[in-house]
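**Student:** So that you have it, the file is my_file06.txt, and it contains compact mmCIF, C-alpha atoms:
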# COMPACT_ATOMS: atom_id res chain seq x y z
CA LEU I 953 232.01 201.29 -3.71
CA ASN I 954 229.39 204.01 -3.93
CA ILE I 955 226.21 202.15 -4.94
CA ASN I 956 222.75 203.54 -4.35
CA ILE I 957 219.37 201.90 -5.06
CA ARG I 958 216.47 204.34 -5.25
CA LYS I 959 212.91 204.63 -6.50
CA ALA I 960 212.69 206.10 -9.98
CA VAL I 961 211.14 209.56 -10.42
CA PRO I 962 209.51 211.11 -13.54
CA GLN I 963 212.79 212.87 -14.43
CA ASP I 964 214.33 209.40 -14.95
CA ALA I 965 212.17 208.63 -18.01
CA GLN I 966 215.04 208.90 -20.52
CA THR I 967 217.37 206.91 -18.25
CA ILE I 968 214.71 204.21 -17.88
CA LEU I 969 214.17 204.03 -21.63
CA ASP I 970 217.94 203.78 -22.23
CA LEU I 971 218.23 200.92 -19.73
CA ILE I 972 215.18 199.12 -21.20
CA ILE I 973 216.81 199.37 -24.64
CA GLY I 974 220.10 198.18 -23.09
CA LEU I 975 218.34 195.07 -21.77
CA ALA I 976 216.51 194.51 -25.08
CA LYS I 977 219.84 194.66 -26.95
CA TYR I 978 221.34 192.17 -24.52
CA GLU I 979 218.35 189.85 -25.05
CA LYS I 980 218.58 190.31 -28.83
CA LEU I 981 215.02 191.65 -28.79
CA GLU I 982 215.71 195.31 -29.57
CA HIS I 983 213.39 195.19 -32.60
CA GLN I 984 210.44 194.67 -30.21
CA VAL I 985 210.93 197.94 -28.34
CA SER I 986 208.40 200.69 -29.08
CA ASN I 987 208.32 202.28 -25.60
CA THR I 988 208.90 206.06 -25.37
CA THR I 989 209.63 208.57 -22.62
CA THR I 990 206.05 209.86 -23.00
CA LEU I 991 204.63 206.38 -22.40
CA ILE I 992 207.00 205.87 -19.44
CA GLN I 993 205.81 209.14 -17.88
CA GLU I 994 202.21 208.06 -18.35
CA LYS I 995 202.34 204.40 -17.31
CA LEU I 996 204.95 204.52 -14.52
CA PHE I 997 204.33 207.99 -13.09
CA GLY I 998 200.73 208.85 -14.02
CA ASN I 999 197.60 208.72 -11.88
CA GLN I 1000 197.42 204.94 -12.02
CA PRO I 1001 200.95 203.54 -12.31
CA VAL I 1002 200.91 200.02 -13.78
CA ALA I 1003 204.43 199.19 -12.60
CA HIS I 1004 207.23 200.38 -10.32
CA CYS I 1005 210.85 201.12 -11.07
CA LEU I 1006 214.09 201.05 -9.08
CA ILE I 1007 217.27 202.68 -10.37
CA ALA I 1008 220.76 201.57 -9.36
CA GLU I 1009 223.41 204.28 -9.32
CA LYS I 1010 227.17 203.88 -9.10
CA ASP I 1011 228.97 207.09 -8.18
CA SER I 1012 225.66 208.90 -8.91
CA ALA I 1013 225.43 207.54 -12.50
CA PRO I 1014 222.55 205.18 -13.41
CA VAL I 1015 223.88 201.69 -14.21
CA GLY I 1016 220.93 199.38 -13.64
CA LEU I 1017 217.20 199.07 -13.16
CA ALA I 1018 214.40 196.83 -12.02
CA ILE I 1019 210.81 197.20 -13.20
CA TYR I 1020 208.23 195.21 -11.28
CA PHE I 1021 204.51 195.03 -10.53
CA PHE I 1022 202.28 193.07 -8.21
CA ASN I 1023 200.41 190.04 -9.47
CA TYR I 1024 198.07 187.64 -7.66
CA SER I 1025 198.37 184.02 -6.64
CA THR I 1026 194.88 182.50 -6.70
CA PHE I 1027 196.21 179.44 -4.88
CA LYS I 1028 197.78 181.43 -2.03
CA GLY I 1029 195.26 184.26 -2.05
CA LYS I 1030 197.99 186.87 -1.82
CA ALA I 1031 199.83 189.28 -4.06
CA GLY I 1032 203.13 188.34 -5.65
CA LEU I 1033 205.97 190.51 -6.89
CA TYR I 1034 206.70 190.01 -10.57
CA LEU I 1035 210.05 191.23 -11.83
CA GLU I 1036 209.49 192.22 -15.45
CA ASP I 1037 212.86 193.82 -16.24
CA PHE I 1038 216.13 193.48 -14.37
CA PHE I 1039 219.29 194.87 -15.90
CA VAL I 1040 222.77 195.97 -14.92
CA GLU I 1041 224.92 197.43 -17.68
CA PRO I 1042 227.43 194.74 -18.76
CA GLU I 1043 230.46 196.92 -17.92
CA HIS I 1044 229.24 197.32 -14.34
CA ARG I 1045 228.58 193.66 -13.57
CA GLY I 1046 230.43 191.70 -10.91
CA ALA I 1047 230.39 194.57 -8.43
CA GLY I 1048 227.36 193.36 -6.47
CA ILE I 1049 224.92 195.86 -7.99
CA GLY I 1050 222.49 193.15 -9.12
CA LYS I 1051 222.57 191.58 -5.66
CA ARG I 1052 221.75 194.94 -4.07
CA ILE I 1053 218.77 195.47 -6.41
CA PHE I 1054 217.55 191.90 -5.87
CA LYS I 1055 217.78 192.22 -2.10
CA ARG I 1056 215.73 195.42 -2.26
CA LEU I 1057 213.08 193.63 -4.33
CA ILE I 1058 212.87 190.81 -1.79
CA GLN I 1059 212.41 193.41 0.95
CA ILE I 1060 209.63 195.10 -1.05
CA ALA I 1061 207.94 191.70 -1.58
CA ASN I 1062 208.07 190.97 2.14
CA LYS I 1063 206.83 194.43 3.08
CA ASN I 1064 203.83 193.91 0.79
CA ASP I 1065 203.02 190.48 2.26
CA CYS I 1066 203.74 188.71 -1.03
CA ALA I 1067 203.28 184.96 -1.38
CA ARG I 1068 206.02 184.78 -3.98
CA MET I 1069 208.41 186.61 -6.26
CA GLU I 1070 208.65 185.55 -9.88
CA TRP I 1071 210.51 186.39 -13.06
CA CYS I 1072 211.34 184.83 -16.42
CA VAL I 1073 214.77 184.00 -17.71
CA LEU I 1074 215.94 183.17 -21.24
CA ASP I 1075 217.38 179.66 -21.58
CA TRP I 1076 220.67 180.89 -23.10
CA ASN I 1077 221.25 183.64 -20.52
CA GLU I 1078 223.86 181.77 -18.45
CA PRO I 1079 225.01 184.76 -16.34
CA ALA I 1080 221.40 185.44 -15.27
CA ILE I 1081 220.70 181.74 -14.61
CA ASN I 1082 223.84 181.52 -12.45
CA PHE I 1083 222.88 184.68 -10.58
CA TYR I 1084 219.41 183.32 -9.77
CA LYS I 1085 220.78 179.89 -8.76
CA LYS I 1086 222.22 181.41 -5.60
CA TYR I 1087 218.69 182.17 -4.41
CA GLU I 1088 217.56 178.56 -5.01
CA ALA I 1089 214.52 179.70 -6.95
CA GLU I 1090 212.17 177.02 -8.22
CA GLU I 1091 212.08 176.63 -12.01
CA LEU I 1092 208.48 176.13 -13.09
CA LYS I 1093 208.78 173.26 -15.53
CA GLY I 1094 205.92 172.25 -17.79
CA TRP I 1095 204.36 175.68 -18.17
CA THR I 1096 204.40 177.63 -21.43
CA ILE I 1097 203.60 181.32 -21.67
CA ASN I 1098 201.06 182.16 -24.39
CA ARG I 1099 200.66 185.64 -25.80
CA LEU I 1100 198.14 187.48 -27.96
CA SER I 1101 199.65 190.62 -29.49
CA GLU I 1102 197.86 193.95 -29.68
CA THR I 1103 197.06 193.25 -33.35
CA GLN I 1104 195.54 189.87 -32.46
CA LEU I 1105 193.56 191.41 -29.60
CA LYS I 1106 192.05 193.97 -31.96
CA LYS I 1107 191.30 191.32 -34.59
CA ASN I 1108 189.43 189.16 -32.03
CA SER I 1109 187.51 191.98 -30.37
CA LEU C 290 171.48 178.52 -23.86
CA ASN C 291 171.30 180.93 -20.95
CA ILE C 292 174.92 181.99 -20.34
CA ASN C 293 175.89 185.15 -18.53
CA ILE C 294 179.36 186.60 -17.91
CA ARG C 295 179.51 189.15 -15.09
CA LYS C 296 181.95 190.88 -12.79
CA ALA C 297 182.33 189.10 -9.45
CA VAL C 298 181.03 190.79 -6.29
CA PRO C 299 182.12 190.26 -2.65
CA GLN C 300 179.20 187.85 -2.10
CA ASP C 301 180.85 185.51 -4.63
CA ALA C 302 183.85 184.78 -2.35
CA GLN C 303 182.81 181.18 -1.61
CA THR C 304 181.93 180.53 -5.26
CA ILE C 305 185.31 181.93 -6.33
CA LEU C 306 187.15 179.74 -3.80
CA ASP C 307 185.20 176.65 -4.96
CA LEU C 308 186.12 177.36 -8.60
CA ILE C 309 189.79 178.03 -7.72
CA ILE C 310 189.87 174.67 -5.93
CA GLY C 311 188.11 173.09 -8.94
CA LEU C 312 190.87 174.36 -11.22
CA ALA C 313 193.59 173.29 -8.77
CA LYS C 314 192.14 169.76 -8.69
CA TYR C 315 192.04 169.67 -12.48
CA GLU C 316 195.71 170.80 -12.57
CA LYS C 317 196.65 168.23 -9.90
CA LEU C 318 197.88 171.10 -7.73
CA GLU C 319 195.18 171.08 -5.03
CA HIS C 320 197.80 170.64 -2.30
CA GLN C 321 199.11 174.15 -3.11
CA VAL C 322 195.84 175.94 -2.31
CA SER C 323 195.75 177.92 0.92
CA ASN C 324 193.42 180.72 -0.25
CA THR C 325 190.36 181.48 1.92
CA THR C 326 187.14 183.47 1.52
CA THR C 327 188.58 186.06 3.94
CA LEU C 328 191.67 186.52 1.76
CA ILE C 329 189.48 186.70 -1.38
CA GLN C 330 187.36 189.44 0.22
CA GLU C 331 190.50 191.36 1.14
CA LYS C 332 192.58 190.98 -2.03
CA LEU C 333 189.87 191.06 -4.72
CA PHE C 334 187.31 193.36 -3.11
CA GLY C 335 189.28 195.48 -0.60
CA ASN C 336 190.49 199.06 -0.93
CA GLN C 337 193.31 198.08 -3.29
CA PRO C 338 192.21 195.05 -5.33
CA VAL C 339 195.22 193.16 -6.69
CA ALA C 340 193.20 191.28 -9.32
CA HIS C 341 189.81 191.17 -11.03
CA CYS C 342 187.34 188.33 -11.38
CA LEU C 343 184.67 187.38 -13.92
CA ILE C 344 182.06 184.73 -13.16
CA ALA C 345 180.30 182.68 -15.85
CA GLU C 346 176.76 181.58 -15.04
CA LYS C 347 174.66 179.00 -16.83
CA ASP C 348 170.97 179.22 -15.95
CA SER C 349 172.03 181.51 -13.07
CA ALA C 350 174.40 178.91 -11.55
CA PRO C 351 178.16 179.69 -11.48
CA VAL C 352 180.06 177.31 -13.75
CA GLY C 353 183.28 179.13 -14.58
CA LEU C 354 185.63 181.96 -13.72
CA ALA C 355 188.49 184.09 -14.93
CA ILE C 356 190.89 185.90 -12.61
CA TYR C 357 193.16 188.46 -14.23
CA PHE C 358 195.29 191.49 -13.46
CA PHE C 359 197.18 194.08 -15.47
CA ASN C 360 200.91 193.74 -15.96
CA TYR C 361 203.37 195.93 -17.88
CA SER C 362 205.34 195.45 -21.06
CA THR C 363 208.56 197.44 -20.76
CA PHE C 364 209.19 196.92 -24.48
CA LYS C 365 205.79 198.24 -25.57
CA GLY C 366 205.39 200.75 -22.74
CA LYS C 367 201.80 199.68 -22.16
CA ALA C 368 199.81 197.55 -19.77
CA GLY C 369 199.02 193.94 -20.58
CA LEU C 370 196.22 191.71 -19.37
CA TYR C 371 197.47 188.61 -17.59
CA LEU C 372 195.02 185.76 -17.20
CA GLU C 373 196.00 184.00 -13.98
CA ASP C 374 193.09 181.55 -13.63
CA PHE C 375 190.63 180.43 -16.28
CA PHE C 376 188.28 177.57 -15.52
CA VAL C 377 185.00 176.10 -16.71
CA GLU C 378 183.66 173.15 -14.73
CA PRO C 379 184.40 169.97 -16.74
CA GLU C 380 180.70 169.00 -16.95
CA HIS C 381 179.85 172.33 -18.59
CA ARG C 382 182.53 172.33 -21.27
CA GLY C 383 181.81 172.30 -24.99
CA ALA C 384 178.91 174.74 -24.67
CA GLY C 385 180.90 177.84 -25.63
CA ILE C 386 181.21 179.18 -22.07
CA GLY C 387 185.01 179.40 -22.24
CA LYS C 388 184.79 181.24 -25.57
CA ARG C 389 182.38 183.76 -24.08
CA ILE C 390 184.70 184.41 -21.11
CA PHE C 391 187.74 184.68 -23.37
CA LYS C 392 185.99 187.12 -25.70
CA ARG C 393 185.10 189.29 -22.72
CA LEU C 394 188.73 189.28 -21.58
CA ILE C 395 189.89 190.39 -25.02
CA GLN C 396 187.36 193.22 -24.90
CA ILE C 397 188.64 194.27 -21.46
CA ALA C 398 192.23 194.19 -22.75
CA ASN C 399 191.30 196.39 -25.71
CA LYS C 400 189.29 198.78 -23.56
CA ASN C 401 192.35 199.21 -21.31
CA ASP C 402 194.71 199.86 -24.26
CA CYS C 403 196.69 196.70 -23.55
CA ALA C 404 199.73 195.80 -25.66
CA ARG C 405 199.12 192.10 -25.09
CA MET C 406 197.21 189.40 -23.27
CA GLU C 407 199.13 186.52 -21.71
CA TRP C 408 198.56 183.33 -19.77
CA CYS C 409 200.37 180.11 -18.94
CA VAL C 410 199.30 176.63 -19.92
CA LEU C 411 200.46 173.25 -18.61
CA ASP C 412 202.14 171.09 -21.25
CA TRP C 413 199.82 168.11 -20.65
CA ASN C 414 196.59 170.15 -20.72
CA GLU C 415 195.54 169.21 -24.27
CA PRO C 416 191.97 170.60 -24.08
CA ALA C 417 193.32 174.00 -22.99
CA ILE C 418 196.10 173.96 -25.61
CA ASN C 419 193.54 173.16 -28.33
CA PHE C 420 191.23 175.91 -27.07
CA TYR C 421 194.02 178.50 -27.24
CA LYS C 422 195.21 177.31 -30.68
CA LYS C 423 192.09 178.82 -32.24
CA TYR C 424 193.30 182.27 -31.22
CA GLU C 425 196.73 181.70 -32.81
CA ALA C 426 198.52 182.84 -29.67
CA GLU C 427 202.30 182.92 -29.78
CA GLU C 428 204.02 180.35 -27.54
CA LEU C 429 206.98 182.02 -25.84
CA LYS C 430 209.69 179.41 -26.28
CA GLY C 431 212.98 179.63 -24.44
CA TRP C 432 211.67 181.39 -21.34
CA THR C 433 211.50 179.71 -17.93
CA ILE C 434 209.51 181.09 -15.02
CA ASN C 435 211.48 181.26 -11.77
CA ARG C 436 209.83 181.53 -8.38
CA LEU C 437 210.89 182.33 -4.84
CA SER C 438 208.34 181.09 -2.31
CA GLU C 439 207.19 183.09 0.69
CA THR C 440 209.51 181.03 2.90
CA GLN C 441 212.48 181.78 0.63
CA LEU C 442 211.58 185.48 0.53
CA LYS C 443 211.59 185.62 4.32
CA LYS C 444 214.86 183.71 4.53
CA ASN C 445 216.58 186.14 2.12
CA SER C 446 215.21 189.34 3.63
Show me this structure written as structure tokens.

**Tutor:**
Amino acid sequence: LNINIRKAVPQDAQTILDLIIGLAKYEKLEHQVSNTTTLIQEKLFGNQPVAHCLIAEKDSAPVGLAIYFFNYSTFKGKAGLYLEDFFVEPEHRGAGIGKRIFKRLIQIANKNDCARMEWCVLDWNEPAINFYKKYEAEELKGWTINRLSETQLKKNS
Amino acid sequence: LNINIRKAVPQDAQTILDLIIGLAKYEKLEHQVSNTTTLIQEKLFGNQPVAHCLIAEKDSAPVGLAIYFFNYSTFKGKAGLYLEDFFVEPEHRGAGIGKRIFKRLIQIANKNDCARMEWCVLDWNEPAINFYKKYEAEELKGWTINRLSETQLKKNS
């Protein structure tokens, strides 16, 4: 099986957007997507990238991605790797592509002296939950994520 | 009331650690803290800071802090502000210090063209939940945070 995991480059902007939309569709959240190739160029490949992207290729065709950034654990005093988006196209699942991406992320976390690696999973996403179970990740019970939207931020400014 | 919100400086390392421990005690998670002033100097004030810190002073004495970093919304294609730690010493609550810190954070999010501001809250932390309610933040239901510890990361490398 010819699988390759590589860092994304600016020329991947359209591929990245397609995969982000693919994930959003899978999560039934497509209506929330307003990202564009221009924004991807700016935020992922500009002077101050806010996140990093890995692309998974099968026989040289892009079939998956991971978008991550570094956060900070105040308790541990070290950076953490936060996996914001992780997606393998449904028709390419079961071939170990997700495992390869995940292993690469763990290596990146270790290389950057991270105290932890974190991600969020939707309660109904059984395939993802089963995938993560193999790594014996801790589920952080009792915490709820709160969010102010851009509109709310502007209203409260 | 003489309240001042300012950016933290390297000389605040001990103050920051004290306030992080104060929050950890309040959250009943003190046993998880292994941060040190050396690590704070390195990660918050080194060449590549991984997070930012605001200090709240009342009559020139530190009484609260906020530690935040920028994350990335793949759906919106913009940065977000993530509030990792937010703490006002219990004996100084009710004087509007938390509101002043929170307002400053919203201003920072807007200045940095953020698509959102997010934080996590513990289910039993009623005073915090009531504080956040005033801002009409969305509670992200159905998502669970998963975490691999440093030990697990090393084991899976």

**Student:** Kindly give the distance, in Å, that separates CA of Ser323 (chain C) and CA of Lys1028 (chain I), rounded to a single decimal.

**Tutor:**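 According to the coordinates, CA of Ser323 (chain C) and CA of Lys1028 (chain I) are separated by 5.0 Å.
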
**Student:** What residues in chain C lie within 6 Å of chain I, counting all atoms listed in the file, written as an MDAnalysis selection string?

**Tutor:** chainID C and resid 322:324 328 364:366 395:396 404:412 426:429 431:439 442 446

**Student:** Can you measure CA of Lys423 (chain C) to CA of Val352 (chain C) for me? One decimal in Å is fine.

**Tutor:**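 Computed distance, CA of Lys423 (chain C) to CA of Val352 (chain C), equals 22.1 Å.
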
**Student:** If chain C is fitted onto chain I by least squares over all C-alpha atoms, taken pair by pair in sequence order, what do its new coordinates look like as a compact mmCIF listing (two decimals) with C-alpha atoms, keeping the file's coordinate frame?

**Tutor:**
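Output file result00.txt is given in full below:
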# COMPACT_ATOMS: atom_id res chain seq x y z
CA LEU C 290 232.04 201.28 -3.69
CA ASN C 291 229.40 203.99 -3.91
CA ILE C 292 226.21 202.15 -4.93
CA ASN C 293 222.74 203.51 -4.35
CA ILE C 294 219.37 201.89 -5.06
CA ARG C 295 216.46 204.34 -5.25
CA LYS C 296 212.91 204.63 -6.49
CA ALA C 297 212.69 206.12 -9.98
CA VAL C 298 211.15 209.57 -10.43
CA PRO C 299 209.51 211.10 -13.55
CA GLN C 300 212.79 212.86 -14.44
CA ASP C 301 214.33 209.40 -14.96
CA ALA C 302 212.16 208.64 -18.03
CA GLN C 303 215.03 208.90 -20.52
CA THR C 304 217.37 206.91 -18.26
CA ILE C 305 214.71 204.21 -17.88
CA LEU C 306 214.17 204.03 -21.65
CA ASP C 307 217.95 203.80 -22.24
CA LEU C 308 218.23 200.93 -19.74
CA ILE C 309 215.18 199.13 -21.21
CA ILE C 310 216.81 199.38 -24.64
CA GLY C 311 220.10 198.18 -23.10
CA LEU C 312 218.36 195.07 -21.78
CA ALA C 313 216.53 194.52 -25.08
CA LYS C 314 219.85 194.65 -26.96
CA TYR C 315 221.37 192.18 -24.52
CA GLU C 316 218.35 189.86 -25.05
CA LYS C 317 218.59 190.30 -28.84
CA LEU C 318 215.03 191.64 -28.79
CA GLU C 319 215.71 195.32 -29.57
CA HIS C 320 213.41 195.19 -32.59
CA GLN C 321 210.45 194.67 -30.21
CA VAL C 322 210.92 197.96 -28.34
CA SER C 323 208.41 200.70 -29.08
CA ASN C 324 208.32 202.28 -25.60
CA THR C 325 208.88 206.06 -25.38
CA THR C 326 209.62 208.57 -22.62
CA THR C 327 206.04 209.87 -22.99
CA LEU C 328 204.62 206.38 -22.40
CA ILE C 329 207.00 205.87 -19.44
CA GLN C 330 205.80 209.14 -17.88
CA GLU C 331 202.19 208.07 -18.35
CA LYS C 332 202.34 204.40 -17.30
CA LEU C 333 204.94 204.53 -14.51
CA PHE C 334 204.32 207.99 -13.09
CA GLY C 335 200.71 208.85 -14.03
CA ASN C 336 197.59 208.74 -11.87
CA GLN C 337 197.41 204.94 -12.02
CA PRO C 338 200.95 203.54 -12.31
CA VAL C 339 200.91 200.04 -13.79
CA ALA C 340 204.43 199.20 -12.60
CA HIS C 341 207.22 200.39 -10.32
CA CYS C 342 210.85 201.13 -11.08
CA LEU C 343 214.09 201.05 -9.08
CA ILE C 344 217.27 202.67 -10.38
CA ALA C 345 220.77 201.57 -9.36
CA GLU C 346 223.42 204.28 -9.32
CA LYS C 347 227.16 203.87 -9.10
CA ASP C 348 228.96 207.09 -8.18
CA SER C 349 225.65 208.88 -8.91
CA ALA C 350 225.45 207.55 -12.50
CA PRO C 351 222.56 205.18 -13.40
CA VAL C 352 223.89 201.71 -14.21
CA GLY C 353 220.94 199.39 -13.64
CA LEU C 354 217.20 199.08 -13.17
CA ALA C 355 214.40 196.84 -12.02
CA ILE C 356 210.81 197.19 -13.20
CA TYR C 357 208.22 195.21 -11.27
CA PHE C 358 204.52 195.04 -10.54
CA PHE C 359 202.29 193.07 -8.20
CA ASN C 360 200.41 190.05 -9.47
CA TYR C 361 198.07 187.64 -7.67
CA SER C 362 198.36 184.02 -6.65
CA THR C 363 194.88 182.50 -6.70
CA PHE C 364 196.22 179.45 -4.86
CA LYS C 365 197.80 181.44 -2.03
CA GLY C 366 195.25 184.27 -2.04
CA LYS C 367 198.00 186.88 -1.82
CA ALA C 368 199.83 189.29 -4.06
CA GLY C 369 203.13 188.35 -5.65
CA LEU C 370 205.96 190.51 -6.89
CA TYR C 371 206.70 190.01 -10.57
CA LEU C 372 210.05 191.22 -11.83
CA GLU C 373 209.49 192.21 -15.45
CA ASP C 374 212.86 193.83 -16.24
CA PHE C 375 216.13 193.48 -14.36
CA PHE C 376 219.29 194.87 -15.90
CA VAL C 377 222.78 195.97 -14.91
CA GLU C 378 224.93 197.44 -17.67
CA PRO C 379 227.43 194.75 -18.75
CA GLU C 380 230.46 196.93 -17.90
CA HIS C 381 229.26 197.31 -14.31
CA ARG C 382 228.60 193.66 -13.55
CA GLY C 383 230.43 191.68 -10.89
CA ALA C 384 230.40 194.56 -8.41
CA GLY C 385 227.36 193.35 -6.45
CA ILE C 386 224.93 195.86 -7.98
CA GLY C 387 222.50 193.16 -9.12
CA LYS C 388 222.58 191.58 -5.65
CA ARG C 389 221.76 194.92 -4.06
CA ILE C 390 218.78 195.46 -6.40
CA PHE C 391 217.55 191.90 -5.87
CA LYS C 392 217.79 192.22 -2.09
CA ARG C 393 215.73 195.40 -2.25
CA LEU C 394 213.08 193.62 -4.33
CA ILE C 395 212.86 190.82 -1.78
CA GLN C 396 212.40 193.41 0.95
CA ILE C 397 209.61 195.09 -1.05
CA ALA C 398 207.93 191.70 -1.58
CA ASN C 399 208.06 190.97 2.15
CA LYS C 400 206.84 194.43 3.08
CA ASN C 401 203.83 193.91 0.78
CA ASP C 402 203.01 190.47 2.27
CA CYS C 403 203.73 188.73 -1.03
CA ALA C 404 203.26 184.96 -1.37
CA ARG C 405 206.01 184.79 -3.98
CA MET C 406 208.40 186.61 -6.26
CA GLU C 407 208.65 185.55 -9.90
CA TRP C 408 210.51 186.39 -13.07
CA CYS C 409 211.34 184.83 -16.42
CA VAL C 410 214.78 184.00 -17.71
CA LEU C 411 215.94 183.17 -21.24
CA ASP C 412 217.38 179.67 -21.58
CA TRP C 413 220.67 180.90 -23.11
CA ASN C 414 221.26 183.64 -20.52
CA GLU C 415 223.87 181.76 -18.45
CA PRO C 416 225.03 184.75 -16.34
CA ALA C 417 221.42 185.43 -15.28
CA ILE C 418 220.70 181.74 -14.62
CA ASN C 419 223.84 181.50 -12.45
CA PHE C 420 222.88 184.68 -10.59
CA TYR C 421 219.42 183.31 -9.78
CA LYS C 422 220.78 179.87 -8.77
CA LYS C 423 222.22 181.41 -5.61
CA TYR C 424 218.70 182.16 -4.42
CA GLU C 425 217.57 178.56 -5.02
CA ALA C 426 214.52 179.70 -6.96
CA GLU C 427 212.17 177.01 -8.22
CA GLU C 428 212.08 176.62 -12.02
CA LEU C 429 208.47 176.13 -13.09
CA LYS C 430 208.78 173.26 -15.54
CA GLY C 431 205.93 172.25 -17.79
CA TRP C 432 204.37 175.69 -18.16
CA THR C 433 204.39 177.64 -21.43
CA ILE C 434 203.59 181.33 -21.67
CA ASN C 435 201.06 182.16 -24.39
CA ARG C 436 200.64 185.64 -25.80
CA LEU C 437 198.13 187.47 -27.96
CA SER C 438 199.64 190.61 -29.49
CA GLU C 439 197.85 193.93 -29.69
CA THR C 440 197.04 193.24 -33.34
CA GLN C 441 195.52 189.86 -32.46
CA LEU C 442 193.54 191.40 -29.60
CA LYS C 443 192.04 193.95 -31.97
CA LYS C 444 191.28 191.31 -34.58
CA ASN C 445 189.41 189.15 -32.03
CA SER C 446 187.47 191.96 -30.37

**Student:** So what do you get for CA of Gly387 (chain C) versus CA of Arg295 (chain C), distance-wise?

**Tutor:**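 Computing it gives 13.3 Å between the two atoms.
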
**Student:** Choose the residue, out of C:Ala384, C:Arg389, C:Phe375, C:Asn401, that has the smallest atom-to-atom separation from Cys342 (chain C); count only C-alpha atoms.

**Tutor:**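 Ranking C:Ala384, C:Arg389, C:Phe375, C:Asn401 by distance to Cys342 (chain C), first place goes to C:Phe375.
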
**Student:** Of the candidates C:Ala350, C:Ile390, C:Phe334, C:Gly385, which shows the shortest atom-to-atom distance to Ala302 (chain C), using all atoms listed in the file?

**Tutor:**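 Smallest separation from Ala302 (chain C) among the options: C:Phe334.
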
**Student:** Pick out the residues sitting within 12 Å of Arg382 (chain C), and hand them over as a list in words; count only C-alpha atoms, and ignore anything fewer than 5 positions along from it in its own chain.

**Tutor:** Ala345, Lys347, Val352, Gly353, Phe376, Val377, Gly387, Lys388, Arg389, Pro416, Ala417 and Phe420 of chain C
